Amino acid sequence: MQTPPYELLAKPSIRSLKELRGKTVSIGGPKDVTRIYLNRMLEPNGLKDSDVDLVYAGASSARLSSLESGAVDAAILTAHSTSMAPPPASASFGRTADYITDLPQNGTVVNRNWATGHMSALSGFLAAFNKGVEWFRDDRNRDEAINVLVTNGKLKRPDEVAKSYDFFRKGEFFEPTGSVSKAKIRAVPVSWRGFGDLPSNIDIDKLFLPA
């Protein structure tokens, strides 16, 4: 996932990010990645997180409930939750991906010791994973992809799943080649250092297997 798949939603009476000053915003936690994302969205609009009142809920569904009930003025939500948000009760200020292009959202990690002795299995996994991403990005597979998630997830609202599919597909969130950008990985600890939990001398190259 090469960029974060979140959206910032707010009460319809709030028409721009600049109007969030003094408002209550729900994010994941005081040291959650959603705080970094929120700041990245606020800064171009002349605000920072100290200009809003932050409340915390680890699950996106809980943040959605707070927004729907009126307990908060805005919330940062993942794609599935944004598809569930009722349009009359909220308005989107845009995607985190519109503001954040240098921070990968997540990836697959492996134990180095195991990997060095199982490179064939690891290569096979990566090949299958990339094939899956390629299949997902083919619009001809849209209906089947939605049905796979509805069936295996035992979900009851195919229309919501379809909205999530379209969000991820049109947003091109998945890295199509399977490669990992060292520049983007380096940007992650830089962003987190402000929380005081990471040393400043992390050797990024140690996170990559030789070759």
# chains A, B, ... in the order shown; residues from 1 in each chain; ligands from 1

call {"tool": "select_by_dssp", "arguments": {"residues": "range 72-178 of chain A", "states": "helix (DSSP H, G or I)", "output": "ChimeraX atom specification"}}
result
/A:79-84,87-89,96-98,112-117,119-136,139-152,158-171

call {"tool": "closest_atom_pairs", "arguments": {"of": "range 137-210 of chain A", "to": "range 125-131 of chain A", "cutoff": "8 Å", "atoms": "only C-alpha atoms", "output": "JSON lines"}}
result
{"residue": "A:Pro176", "atom": "CA", "partner": "A:Asn130", "partner_atom": "CA", "distance": 7.1}
{"residue": "A:Thr177", "atom": "CA", "partner": "A:Asn130", "partner_atom": "CA", "distance": 6.8}
{"residue": "A:Gly178", "atom": "CA", "partner": "A:Asn130", "partner_atom": "CA", "distance": 6.0}

call {"tool": "closest_residue", "arguments": {"among": "A:Phe168, A:Trp192, A:Phe174, A:Trp135", "to": "Pro30 in chain A", "atoms": "only C-alpha atoms"}}
result
A:Trp192

call {"tool": "select_by_dssp", "arguments": {"residues": "range 9-153 of chain A", "states": "strand (DSSP E or B)", "output": "PyMOL selection string"}}
result
chain A and resi 9-10+24-27+53-56+74-78+91-95

call {"tool": "residues_around", "arguments": {"residues": "Gly58 in chain A", "least_positions_apart": "4", "cutoff": "8 Å", "atoms": "only C-alpha atoms", "output": "list in words"}}
result
Ile27, Gly28, Gly29, Ala62 and Arg63 of chain A

call {"tool": "closest_atom_pairs", "arguments": {"of": "range 100-153 of chain A", "to": "range 203-211 of chain A", "cutoff": "9 Å", "atoms": "only C-alpha atoms", "output": "Markdown table"}}
result
| residue | atom | partner | partner_atom | distance |
| --- | --- | --- | --- | --- |
| A:Arg112 | CA | A:Leu209 | CA | 7.2 |
| A:Ala115 | CA | A:Leu209 | CA | 8.4 |
| A:Thr116 | CA | A:Leu209 | CA | 8.1 |

call {"tool": "closest_atom_pairs", "arguments": {"of": "range 59-81 of chain A", "to": "range 9-26 of chain A", "cutoff": "9 Å", "atoms": "only C-alpha atoms", "output": "JSON lines"}}
result
{"residue": "A:Arg63", "atom": "CA", "partner": "A:Ser26", "partner_atom": "CA", "distance": 6.0}
{"residue": "A:Leu64", "atom": "CA", "partner": "A:Ser26", "partner_atom": "CA", "distance": 8.8}
{"residue": "A:Ser66", "atom": "CA", "partner": "A:Ser26", "partner_atom": "CA", "distance": 7.9}
{"residue": "A:Leu67", "atom": "CA", "partner": "A:Ala10", "partner_atom": "CA", "distance": 7.3}
{"residue": "A:Glu68", "atom": "CA", "partner": "A:Lys11", "partner_atom": "CA", "distance": 8.6}
{"residue": "A:Gly70", "atom": "CA", "partner": "A:Lys11", "partner_atom": "CA", "distance": 8.0}
{"residue": "A:Ala71", "atom": "CA", "partner": "A:Thr24", "partner_atom": "CA", "distance": 8.3}
{"residue": "A:Val72", "atom": "CA", "partner": "A:Thr24", "partner_atom": "CA", "distance": 5.2}
{"residue": "A:Asp73", "atom": "CA", "partner": "A:Thr24", "partner_atom": "CA", "distance": 5.2}
{"residue": "A:Ala74", "atom": "CA", "partner": "A:Ala10", "partner_atom": "CA", "distance": 3.9}
{"residue": "A:Ala75", "atom": "CA", "partner": "A:Ser26", "partner_atom": "CA", "distance": 4.6}
{"residue": "A:Ile76", "atom": "CA", "partner": "A:Leu9", "partner_atom": "CA", "distance": 6.3}
{"residue": "A:Leu77", "atom": "CA", "partner": "A:Leu9", "partner_atom": "CA", "distance": 7.3}

call {"tool": "atom_distance", "arguments": {"atom1": "CA of Pro44 in chain A", "atom2": "CA of Tyr99 in chain A"}}
result
8.7 Å

call {"tool": "closest_residue", "arguments": {"among": "A:Glu160, A:Asp197, A:Asp98, A:Asp138", "to": "Glu7 in chain A", "atoms": "only C-alpha atoms"}}
result
A:Asp98

call {"tool": "residues_around", "arguments": {"residues": "Ile100 in chain A", "least_positions_apart": "3", "cutoff": "8 Å", "atoms": "only C-alpha atoms", "output": "list in words"}}
result
Thr3, Pro4, Tyr37, Arg40, Thr96, Ala97 and Leu103 of chain A

call {"tool": "write_last_selection", "arguments": {"atoms": "N, CA and C atoms", "output": "PDB file, in the first residue's frame"}}
result
ATOM      1  N   THR A   3       0.263   4.494  -0.271  1.00  0.00           N
ATOM      2  CA  THR A   3      -0.185   5.762   0.288  1.00  0.00           C
ATOM      3  C   THR A   3      -1.390   5.487   1.187  1.00  0.00           C
ATOM      4  N   PRO A   4      -1.635   6.275   2.209  1.00  0.00           N
ATOM      5  CA  PRO A   4      -2.697   5.959   3.174  1.00  0.00           C
ATOM      6  C   PRO A   4      -4.108   6.133   2.614  1.00  0.00           C
ATOM      7  N   TYR A  37      -1.214  12.006   9.759  1.00  0.00           N
ATOM      8  CA  TYR A  37      -2.007  12.294   8.568  1.00  0.00           C
ATOM      9  C   TYR A  37      -2.818  13.577   8.745  1.00  0.00           C
ATOM     10  N   ARG A  40      -0.665  16.601   8.373  1.00  0.00           N
ATOM     11  CA  ARG A  40      -0.292  16.812   6.977  1.00  0.00           C
ATOM     12  C   ARG A  40      -1.425  17.494   6.197  1.00  0.00           C
ATOM     13  N   THR A  96      -6.485  11.509   2.338  1.00  0.00           N
ATOM     14  CA  THR A  96      -5.123  11.713   2.816  1.00  0.00           C
ATOM     15  C   THR A  96      -4.141  11.610   1.655  1.00  0.00           C
ATOM     16  N   ALA A  97      -4.468  10.795   0.670  1.00  0.00           N
ATOM     17  CA  ALA A  97      -3.579  10.612  -0.478  1.00  0.00           C
ATOM     18  C   ALA A  97      -3.406  11.896  -1.287  1.00  0.00           C
ATOM     19  N   LEU A 103       4.604   8.643   2.287  1.00  0.00           N
ATOM     20  CA  LEU A 103       4.522   7.699   3.392  1.00  0.00           C
ATOM     21  C   LEU A 103       3.732   6.458   2.981  1.00  0.00           C
TER      22      LEU A 103
END

call {"tool": "closest_residue", "arguments": {"among": "A:Arg157, A:Ser179, A:Ile36, A:Val148", "to": "Thr108 in chain A", "atoms": "only C-alpha atoms"}}
result
A:Ser179

call {"tool": "closest_residue", "arguments": {"among": "A:Asp166, A:Tyr6, A:Gly124, A:Asp49", "to": "Ser92 in chain A", "atoms": "only C-alpha atoms"}}
result
A:Tyr6

call {"tool": "atom_distance", "arguments": {"atom1": "CA of Val33 in chain A", "atom2": "CA of Thr101 in chain A"}}
result
14.4 Å

call {"tool": "atom_distance", "arguments": {"atom1": "CA of Phe173 in chain A", "atom2": "CA of Ala57 in chain A"}}
result
24.2 Å

call {"tool": "residues_around", "arguments": {"residues": "Phe136 in chain A", "least_positions_apart": "5", "cutoff": "8 Å", "atoms": "only C-alpha atoms", "output": "list in words"}}
result
Asn141, Arg142, Ala145 and Arg169 of chain A

call {"tool": "decode", "arguments": {"residues": "range 36-47 of chain A", "atoms": "all heavy atoms", "output": "JSON list (two decimals), in the first residue's frame"}}
result
[["chain", "number", "residue", "atom", "x", "y", "z"],
["A", 36, "ILE", "N", -0.40, 11.97, 12.42],
["A", 36, "ILE", "CA", 0.52, 12.45, 11.39],
["A", 36, "ILE", "C", -0.26, 12.85, 10.14],
["A", 36, "ILE", "O", -0.03, 13.90, 9.55],
["A", 36, "ILE", "CB", 1.56, 11.36, 11.05],
["A", 36, "ILE", "CG1", 2.46, 11.09, 12.27],
["A", 36, "ILE", "CG2", 2.40, 11.78, 9.84],
["A", 36, "ILE", "CD1", 3.42, 9.94, 12.07],
["A", 37, "TYR", "N", -1.21, 12.01, 9.76],
["A", 37, "TYR", "CA", -2.01, 12.29, 8.57],
["A", 37, "TYR", "C", -2.82, 13.58, 8.75],
["A", 37, "TYR", "O", -2.89, 14.41, 7.82],
["A", 37, "TYR", "CB", -2.96, 11.14, 8.27],
["A", 37, "TYR", "CG", -2.29, 9.82, 7.97],
["A", 37, "TYR", "CD1", -2.96, 8.62, 8.12],
["A", 37, "TYR", "CD2", -0.96, 9.77, 7.53],
["A", 37, "TYR", "CE1", -2.35, 7.41, 7.84],
["A", 37, "TYR", "CE2", -0.34, 8.56, 7.25],
["A", 37, "TYR", "CZ", -1.04, 7.38, 7.41],
["A", 37, "TYR", "OH", -0.44, 6.19, 7.13],
["A", 38, "LEU", "N", -3.43, 13.73, 9.91],
["A", 38, "LEU", "CA", -4.23, 14.93, 10.15],
["A", 38, "LEU", "C", -3.36, 16.18, 10.05],
["A", 38, "LEU", "O", -3.77, 17.17, 9.41],
["A", 38, "LEU", "CB", -4.89, 14.86, 11.53],
["A", 38, "LEU", "CG", -5.69, 16.10, 11.94],
["A", 38, "LEU", "CD1", -6.90, 16.29, 11.03],
["A", 38, "LEU", "CD2", -6.14, 16.00, 13.40],
["A", 39, "ASN", "N", -2.19, 16.16, 10.66],
["A", 39, "ASN", "CA", -1.31, 17.32, 10.59],
["A", 39, "ASN", "C", -0.91, 17.64, 9.16],
["A", 39, "ASN", "O", -0.82, 18.81, 8.77],
["A", 39, "ASN", "CB", -0.06, 17.10, 11.45],
["A", 39, "ASN", "CG", -0.21, 17.68, 12.84],
["A", 39, "ASN", "OD1", -0.82, 18.73, 13.01],
["A", 39, "ASN", "ND2", 0.31, 16.98, 13.84],
["A", 40, "ARG", "N", -0.66, 16.60, 8.37],
["A", 40, "ARG", "CA", -0.29, 16.81, 6.98],
["A", 40, "ARG", "C", -1.43, 17.49, 6.20],
["A", 40, "ARG", "O", -1.18, 18.20, 5.23],
["A", 40, "ARG", "CB", 0.05, 15.47, 6.31],
["A", 40, "ARG", "CG", 1.39, 14.89, 6.75],
["A", 40, "ARG", "CD", 2.57, 15.66, 6.16],
["A", 40, "ARG", "NE", 3.81, 14.92, 6.30],
["A", 40, "ARG", "CZ", 4.30, 14.10, 5.38],
["A", 40, "ARG", "NH1", 3.66, 13.94, 4.24],
["A", 40, "ARG", "NH2", 5.43, 13.46, 5.58],
["A", 41, "MET", "N", -2.66, 17.26, 6.62],
["A", 41, "MET", "CA", -3.79, 17.88, 5.95],
["A", 41, "MET", "C", -4.06, 19.28, 6.48],
["A", 41, "MET", "O", -4.48, 20.17, 5.73],
["A", 41, "MET", "CB", -5.04, 17.00, 6.12],
["A", 41, "MET", "CG", -4.91, 15.61, 5.52],
["A", 41, "MET", "SD", -6.38, 14.58, 5.72],
["A", 41, "MET", "CE", -7.39, 15.19, 4.36],
["A", 42, "LEU", "N", -3.79, 19.49, 7.77],
["A", 42, "LEU", "CA", -4.06, 20.79, 8.36],
["A", 42, "LEU", "C", -3.02, 21.84, 7.96],
["A", 42, "LEU", "O", -3.37, 23.01, 7.72],
["A", 42, "LEU", "CB", -4.08, 20.67, 9.89],
["A", 42, "LEU", "CG", -5.23, 19.88, 10.53],
["A", 42, "LEU", "CD1", -5.03, 19.79, 12.04],
["A", 42, "LEU", "CD2", -6.58, 20.52, 10.20],
["A", 43, "GLU", "N", -1.76, 21.45, 7.93],
["A", 43, "GLU", "CA", -0.67, 22.42, 7.71],
["A", 43, "GLU", "C", -0.82, 23.26, 6.45],
["A", 43, "GLU", "O", -0.64, 24.49, 6.49],
["A", 43, "GLU", "CB", 0.67, 21.70, 7.73],
["A", 43, "GLU", "CG", 1.08, 21.25, 9.13],
["A", 43, "GLU", "CD", 2.27, 20.31, 9.12],
["A", 43, "GLU", "OE1", 2.75, 19.97, 8.01],
["A", 43, "GLU", "OE2", 2.72, 19.91, 10.21],
["A", 44, "PRO", "N", -1.17, 22.69, 5.29],
["A", 44, "PRO", "CA", -1.34, 23.53, 4.10],
["A", 44, "PRO", "C", -2.50, 24.52, 4.22],
["A", 44, "PRO", "O", -2.61, 25.45, 3.41],
["A", 44, "PRO", "CB", -1.62, 22.51, 2.98],
["A", 44, "PRO", "CG", -1.12, 21.20, 3.50],
["A", 44, "PRO", "CD", -1.34, 21.26, 4.97],
["A", 45, "ASN", "N", -3.35, 24.30, 5.23],
["A", 45, "ASN", "CA", -4.50, 25.17, 5.44],
["A", 45, "ASN", "C", -4.30, 26.11, 6.64],
["A", 45, "ASN", "O", -5.26, 26.66, 7.18],
["A", 45, "ASN", "CB", -5.76, 24.32, 5.63],
["A", 45, "ASN", "CG", -6.16, 23.60, 4.36],
["A", 45, "ASN", "OD1", -6.81, 24.19, 3.49],
["A", 45, "ASN", "ND2", -5.77, 22.34, 4.23],
["A", 46, "GLY", "N", -3.03, 26.25, 7.05],
["A", 46, "GLY", "CA", -2.70, 27.20, 8.10],
["A", 46, "GLY", "C", -3.04, 26.76, 9.50],
["A", 46, "GLY", "O", -3.10, 27.58, 10.43],
["A", 47, "LEU", "N", -3.25, 25.46, 9.71],
["A", 47, "LEU", "CA", -3.58, 24.94, 11.04],
["A", 47, "LEU", "C", -2.60, 23.86, 11.46],
["A", 47, "LEU", "O", -1.84, 23.34, 10.65],
["A", 47, "LEU", "CB", -5.00, 24.35, 11.04],
["A", 47, "LEU", "CG", -6.16, 25.28, 10.66],
["A", 47, "LEU", "CD1", -7.46, 24.48, 10.62],
["A", 47, "LEU", "CD2", -6.29, 26.42, 11.65]]
